[in-house]
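As structure tokens, the structure follows; a few thoughts come after it.
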Amino acid sequence: MAQSHVIIGDGIAGSTAAETIREESPDADITVITDEGEPLYNRILIKEHAKGKLPEAPVAIHQENWYEDRDIDLQLNTFVTGVDIDAHEVFTHDGDVYEYDKLLIATGGTPTDLKSFGIENSDGEGIHHFWTFQDARDIRAHAEEADTGVVVGAGLLGIDFAATCASQDVDAKYLMRGNRWWRYALSLDGAEIIHEGLRRNGVEPVFESGVDRFVLDDDGHVEATIDANGNRHESEFVGVAIGLDFNVELLEDTPVEADSGGIVVDEYMQTNVDDVYAAGDITRFWDTIIDDRAQNGSWGSAKEQGNVAARNMVADDEEEEFRFVSSYSITHFEIPFLSFGHATEGEEYVERKYSETEYRRIALQDGQVVGGVLIGDLSPQQKLKQCIRDECHVGDDPEVLLEEDIDLDKLAPAQ
Amino acid sequence: MAVGDTEGPGVRLRETPPTNGDRIRDFDQLDGDETRAFLRLYRGEQAEPTIDPGTVISFTDYYRVERR
């Protein structure tokens, strides 16, 4: 008898899972539930739309007929309010109940709000978070009109706001805690390449800073940001990217192991509860490469997790293991930048700055490459990712990883 | 960066502003073979046509893959 699969979330993880289930099980009932008002779109490209570089059409990936053609029941604008694990039922805000044999949770995250840190006026008009295509539309429309801006969040998502300001000619300040951008992955040498790119494009980094409060006008619209040092920065436009809170509220009254940090799954994307799986940004998965729990927010990782989860759901078995080296690129300001693997999880690091525009940093654990960052020349990414996959050891000379042309034969096999 | 400067068969990259009708993929959406090929082309080297001609890749700019 055909199984019933319910997938919560229509990002790349959920959508890939639906597609894979259909391929593997032509008779399965498949329902995809999403709180968004549109089907799968290219979440990587929405920043290009915000920057004004890309029209809307190329950002869309699926139209609703894609789901119809595959007999996948797509429920847009639908919020899941709870799950009954024992009854195998999913409840939605409009009173519907979806029964499942297998459930996949791919709900991703929601940007963290400064309100949760008690920042005054953080809900003012003109203060943006960036996650959805609709967010990108709103950001684009506002940035096109704004003259001044502030960006908060010195990481991989915050830089998209900075690039939007640059592209839309918003005179912006980028407030950073610490003395550099993405301080958990880059030394000052590497970060300076990004700082120079920001400055060249009209965005001024402000170090050892942060937000103290926002100043709103009489209409409740942001007009300035007061930073942690008491300095006032005129800002009609504010972009906040300080992290993600994972959407696990629907699991509150269930025994599924989950908290605001995500949902715990094994390498088969299975949770601690039978018939319940999770995939995508929301998972804290078991990484068989580093033998540790990990989390990753890249498109490729989410897609592969959806694929693996789906195969295991259909097989009702641990058929396929998730084993993947992720990568995440940033290509703003004419600077190729790639983070791969677990770039911030090293116990030790080796790095080299080859020129004013080229840099490499490798993260190591117990002599094994676990991740890194490339700026400028991204061609070493293939060998470095292979090195991670193969769990090769660098022995006493990790500097071999910094050679222009890495010779993997100089590295020891997995130990 | 020398895009499209190489001789010989295969494909090349051409910087191009994107349009509504383009099939656009981000660099992060390329698989391993496609990534290697794209980076070779981006450096001005020859590469096998592992990316469908006509595809536009979003990288530091937008690059259309074209047959030579």
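Each chain in the structure tokens gets a letter, A, B and so on, in the order shown; residues start at 1 in every chain, and ligands are counted from 1 in the order they appear.
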
Residue list for chain A near chain B as a CSV table (one decimal) with N, CA, C and O atoms, in the first residue's frame, 7 Å, only C-alpha atoms:
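Dumped everything to part-v2.csv:
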```csv
chain,number,residue,atom,x,y,z
A,44,ILE,N,19.4,31.6,-3.0
A,44,ILE,CA,20.7,32.2,-3.1
A,44,ILE,C,20.6,33.5,-4.0
A,44,ILE,O,21.3,34.5,-3.7
A,45,LEU,N,19.7,33.5,-4.9
A,45,LEU,CA,19.7,34.6,-5.9
A,45,LEU,C,18.8,35.8,-5.4
A,45,LEU,O,18.8,36.8,-6.0
A,54,LEU,N,18.9,41.7,-10.5
A,54,LEU,CA,18.2,40.6,-11.1
A,54,LEU,C,16.7,40.8,-11.0
A,54,LEU,O,16.2,41.2,-10.0
A,55,PRO,N,16.0,40.7,-12.2
A,55,PRO,CA,14.5,40.8,-12.1
A,55,PRO,C,14.0,39.6,-11.3
A,55,PRO,O,14.7,38.7,-10.9
A,57,ALA,N,11.7,37.1,-12.3
A,57,ALA,CA,11.5,35.8,-13.0
A,57,ALA,C,12.6,34.8,-12.8
A,57,ALA,O,12.3,33.6,-12.5
A,58,PRO,N,13.8,35.1,-13.0
A,58,PRO,CA,14.9,34.1,-12.8
A,58,PRO,C,15.0,33.5,-11.4
A,58,PRO,O,15.7,32.5,-11.2
A,300,GLY,N,23.7,23.5,-1.1
A,300,GLY,CA,24.1,22.2,-1.5
A,300,GLY,C,23.8,21.2,-0.4
A,300,GLY,O,23.4,20.1,-0.6
A,328,TYR,N,30.1,27.5,0.6
A,328,TYR,CA,29.2,28.7,0.5
A,328,TYR,C,30.0,29.8,0.0
A,328,TYR,O,31.1,30.2,0.6
A,329,SER,N,29.6,30.4,-1.1
A,329,SER,CA,30.4,31.4,-1.7
A,329,SER,C,29.8,32.8,-1.5
A,329,SER,O,28.5,32.9,-1.4
A,331,THR,N,30.2,36.5,-3.5
A,331,THR,CA,30.9,37.1,-4.7
A,331,THR,C,30.6,38.5,-4.8
A,331,THR,O,30.5,39.1,-6.0
A,332,HIS,N,30.4,39.2,-3.7
A,332,HIS,CA,30.1,40.7,-3.8
A,332,HIS,C,31.5,41.4,-4.0
A,332,HIS,O,32.5,40.8,-3.7
A,334,GLU,N,33.3,42.2,-6.3
A,334,GLU,CA,34.3,41.6,-7.3
A,334,GLU,C,35.3,40.7,-6.7
A,334,GLU,O,36.3,40.4,-7.2
A,335,ILE,N,35.0,40.2,-5.5
A,335,ILE,CA,35.9,39.3,-4.7
A,335,ILE,C,35.4,37.9,-4.6
A,335,ILE,O,34.4,37.7,-4.0
A,336,PRO,N,36.0,36.9,-5.3
A,336,PRO,CA,35.5,35.5,-5.1
A,336,PRO,C,35.9,35.1,-3.7
A,336,PRO,O,37.1,35.3,-3.3
A,379,SER,N,40.3,27.9,-7.0
A,379,SER,CA,40.6,26.6,-7.6
A,379,SER,C,41.0,25.5,-6.6
A,379,SER,O,40.8,24.4,-6.9
```

From stretch 38-131 of chain A, collect each residue whose DSSP state is helix (DSSP H, G or I) and return the set as number ranges by chain.
-> A: 46-50, 57-59, 64-69, 114-117

For the residues in that selection, give me all heavy atoms as a compact mmCIF listing (two decimals), in the first residue's frame.
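And here is the file that came out, result-v4.txt:
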```txt
# COMPACT_ATOMS: atom_id res chain seq x y z
N ILE A 46 18.08 35.56 -4.25
CA ILE A 46 17.23 36.66 -3.80
C ILE A 46 18.06 37.89 -3.42
O ILE A 46 17.60 39.02 -3.55
CB ILE A 46 16.28 36.25 -2.64
CG1 ILE A 46 17.05 35.74 -1.43
CG2 ILE A 46 15.25 35.24 -3.13
CD1 ILE A 46 16.14 35.46 -0.21
N LYS A 47 19.30 37.69 -3.01
CA LYS A 47 20.13 38.84 -2.70
C LYS A 47 20.45 39.65 -3.95
O LYS A 47 20.60 40.87 -3.90
CB LYS A 47 21.42 38.44 -1.98
CG LYS A 47 22.35 37.53 -2.75
CD LYS A 47 23.60 37.24 -1.91
CE LYS A 47 24.54 36.29 -2.63
NZ LYS A 47 24.09 34.89 -2.57
N GLU A 48 20.53 38.96 -5.09
CA GLU A 48 20.77 39.66 -6.34
C GLU A 48 19.56 40.51 -6.72
O GLU A 48 19.69 41.58 -7.31
CB GLU A 48 21.09 38.65 -7.45
CG GLU A 48 22.41 37.91 -7.20
CD GLU A 48 23.60 38.85 -7.24
OE1 GLU A 48 23.76 39.56 -8.24
OE2 GLU A 48 24.35 38.89 -6.24
N HIS A 49 18.38 40.01 -6.38
CA HIS A 49 17.18 40.80 -6.61
C HIS A 49 17.17 42.02 -5.70
O HIS A 49 16.88 43.13 -6.14
CB HIS A 49 15.93 39.96 -6.38
CG HIS A 49 14.66 40.71 -6.64
ND1 HIS A 49 14.23 41.05 -7.90
CD2 HIS A 49 13.76 41.24 -5.78
CE1 HIS A 49 13.10 41.73 -7.82
NE2 HIS A 49 12.79 41.88 -6.55
N ALA A 50 17.54 41.83 -4.45
CA ALA A 50 17.58 42.95 -3.50
C ALA A 50 18.59 44.00 -3.96
O ALA A 50 18.36 45.21 -3.79
CB ALA A 50 17.95 42.44 -2.11
N ALA A 57 11.75 37.09 -12.29
CA ALA A 57 11.48 35.81 -12.96
C ALA A 57 12.58 34.76 -12.80
O ALA A 57 12.28 33.59 -12.51
CB ALA A 57 11.17 36.05 -14.44
N PRO A 58 13.84 35.11 -12.96
CA PRO A 58 14.88 34.07 -12.85
C PRO A 58 15.04 33.53 -11.43
O PRO A 58 15.72 32.53 -11.24
CB PRO A 58 16.16 34.79 -13.28
CG PRO A 58 15.72 35.98 -14.03
CD PRO A 58 14.43 36.39 -13.42
N VAL A 59 14.46 34.19 -10.45
CA VAL A 59 14.61 33.73 -9.06
C VAL A 59 13.67 32.55 -8.77
O VAL A 59 13.96 31.68 -7.98
CB VAL A 59 14.36 34.88 -8.06
CG1 VAL A 59 14.53 34.41 -6.62
CG2 VAL A 59 15.32 36.04 -8.34
N GLU A 64 3.44 26.42 -9.48
CA GLU A 64 2.53 25.46 -8.83
C GLU A 64 2.25 24.26 -9.71
O GLU A 64 2.00 23.16 -9.19
CB GLU A 64 1.23 26.16 -8.43
CG GLU A 64 1.44 27.11 -7.26
CD GLU A 64 0.17 27.75 -6.75
OE1 GLU A 64 -0.77 27.01 -6.43
OE2 GLU A 64 0.15 29.00 -6.66
N ASN A 65 2.35 24.41 -11.04
CA ASN A 65 2.06 23.26 -11.90
C ASN A 65 3.16 22.20 -11.81
O ASN A 65 2.92 21.04 -12.16
CB ASN A 65 1.83 23.69 -13.35
CG ASN A 65 3.00 24.44 -13.93
OD1 ASN A 65 4.05 24.59 -13.29
ND2 ASN A 65 2.85 24.91 -15.15
N TRP A 66 4.35 22.58 -11.33
CA TRP A 66 5.40 21.57 -11.14
C TRP A 66 4.93 20.52 -10.15
O TRP A 66 5.17 19.32 -10.32
CB TRP A 66 6.67 22.26 -10.64
CG TRP A 66 7.85 21.35 -10.46
CD1 TRP A 66 8.82 21.06 -11.38
CD2 TRP A 66 8.20 20.61 -9.27
NE1 TRP A 66 9.74 20.19 -10.84
CE2 TRP A 66 9.39 19.90 -9.55
CE3 TRP A 66 7.63 20.48 -8.01
CZ2 TRP A 66 10.01 19.07 -8.61
CZ3 TRP A 66 8.24 19.66 -7.07
CH2 TRP A 66 9.41 18.95 -7.38
N TYR A 67 4.27 20.96 -9.12
CA TYR A 67 3.77 20.05 -8.09
C TYR A 67 2.57 19.24 -8.63
O TYR A 67 2.47 18.03 -8.41
CB TYR A 67 3.37 20.83 -6.84
CG TYR A 67 4.51 21.61 -6.25
CD1 TYR A 67 4.88 22.83 -6.79
CD2 TYR A 67 5.25 21.12 -5.18
CE1 TYR A 67 5.95 23.55 -6.29
CE2 TYR A 67 6.32 21.83 -4.66
CZ TYR A 67 6.66 23.05 -5.23
OH TYR A 67 7.73 23.77 -4.73
N GLU A 68 1.70 19.92 -9.35
CA GLU A 68 0.54 19.24 -9.93
C GLU A 68 0.99 18.13 -10.88
O GLU A 68 0.44 17.03 -10.86
CB GLU A 68 -0.32 20.25 -10.69
CG GLU A 68 -1.03 21.25 -9.80
CD GLU A 68 -1.58 22.44 -10.57
OE1 GLU A 68 -1.55 22.40 -11.83
OE2 GLU A 68 -2.00 23.42 -9.94
N ASP A 69 1.99 18.45 -11.69
CA ASP A 69 2.50 17.47 -12.66
C ASP A 69 3.04 16.21 -11.98
O ASP A 69 3.09 15.14 -12.59
CB ASP A 69 3.60 18.09 -13.52
CG ASP A 69 3.08 19.16 -14.45
OD1 ASP A 69 1.84 19.24 -14.62
OD2 ASP A 69 3.90 19.93 -15.00
N LEU A 114 16.63 41.72 16.95
CA LEU A 114 17.32 42.44 18.02
C LEU A 114 16.41 42.68 19.22
O LEU A 114 16.89 42.97 20.32
CB LEU A 114 17.86 43.77 17.50
CG LEU A 114 19.14 43.69 16.68
CD1 LEU A 114 19.47 45.05 16.06
CD2 LEU A 114 20.32 43.21 17.52
N LYS A 115 15.10 42.54 18.99
CA LYS A 115 14.15 42.69 20.10
C LYS A 115 14.47 41.70 21.21
O LYS A 115 14.32 41.99 22.39
CB LYS A 115 12.73 42.46 19.58
CG LYS A 115 11.64 42.94 20.52
CD LYS A 115 10.25 42.55 20.05
CE LYS A 115 10.03 42.74 18.57
NZ LYS A 115 8.65 42.42 18.16
N SER A 116 14.91 40.50 20.80
CA SER A 116 15.21 39.47 21.80
C SER A 116 16.41 39.84 22.66
O SER A 116 16.65 39.22 23.69
CB SER A 116 15.43 38.11 21.11
OG SER A 116 16.47 38.18 20.18
N PHE A 117 17.16 40.85 22.24
CA PHE A 117 18.29 41.35 23.02
C PHE A 117 17.93 42.65 23.73
O PHE A 117 18.81 43.30 24.30
CB PHE A 117 19.52 41.57 22.12
CG PHE A 117 20.06 40.29 21.56
CD1 PHE A 117 19.60 39.80 20.35
CD2 PHE A 117 21.01 39.55 22.24
CE1 PHE A 117 20.09 38.61 19.82
CE2 PHE A 117 21.50 38.36 21.72
CZ PHE A 117 21.04 37.89 20.51
```

Which polymer residues have any atom within 7 Å of an atom of A:Thr283, counting only C-alpha atoms, with same-chain residues fewer than 6 positions away left out, as a ChimeraX atom specification?
-> /A:262-265,295

Could you name the residues that touch B:Gly10 at 8 Å or less, counting only C-alpha atoms, but leaving out those on the same chain fewer than 5 positions away, as a ChimeraX atom specification?
-> /B:46-49,67-68

Those in stretch 90-258 of chain A with strand (DSSP E or B) from DSSP, as JSON, numbers by chain = {"A": [90, 91, 92, 97, 98, 99, 102, 103, 104, 105, 109, 110, 111, 120, 125, 127, 128, 148, 149, 150, 151, 152, 171, 172, 173, 174, 175, 203, 204, 205, 206, 211, 212, 213, 214, 215, 216, 221, 222, 223, 224, 225, 226, 227, 232, 233, 234, 237, 238, 239, 240, 244, 245, 246, 258]}
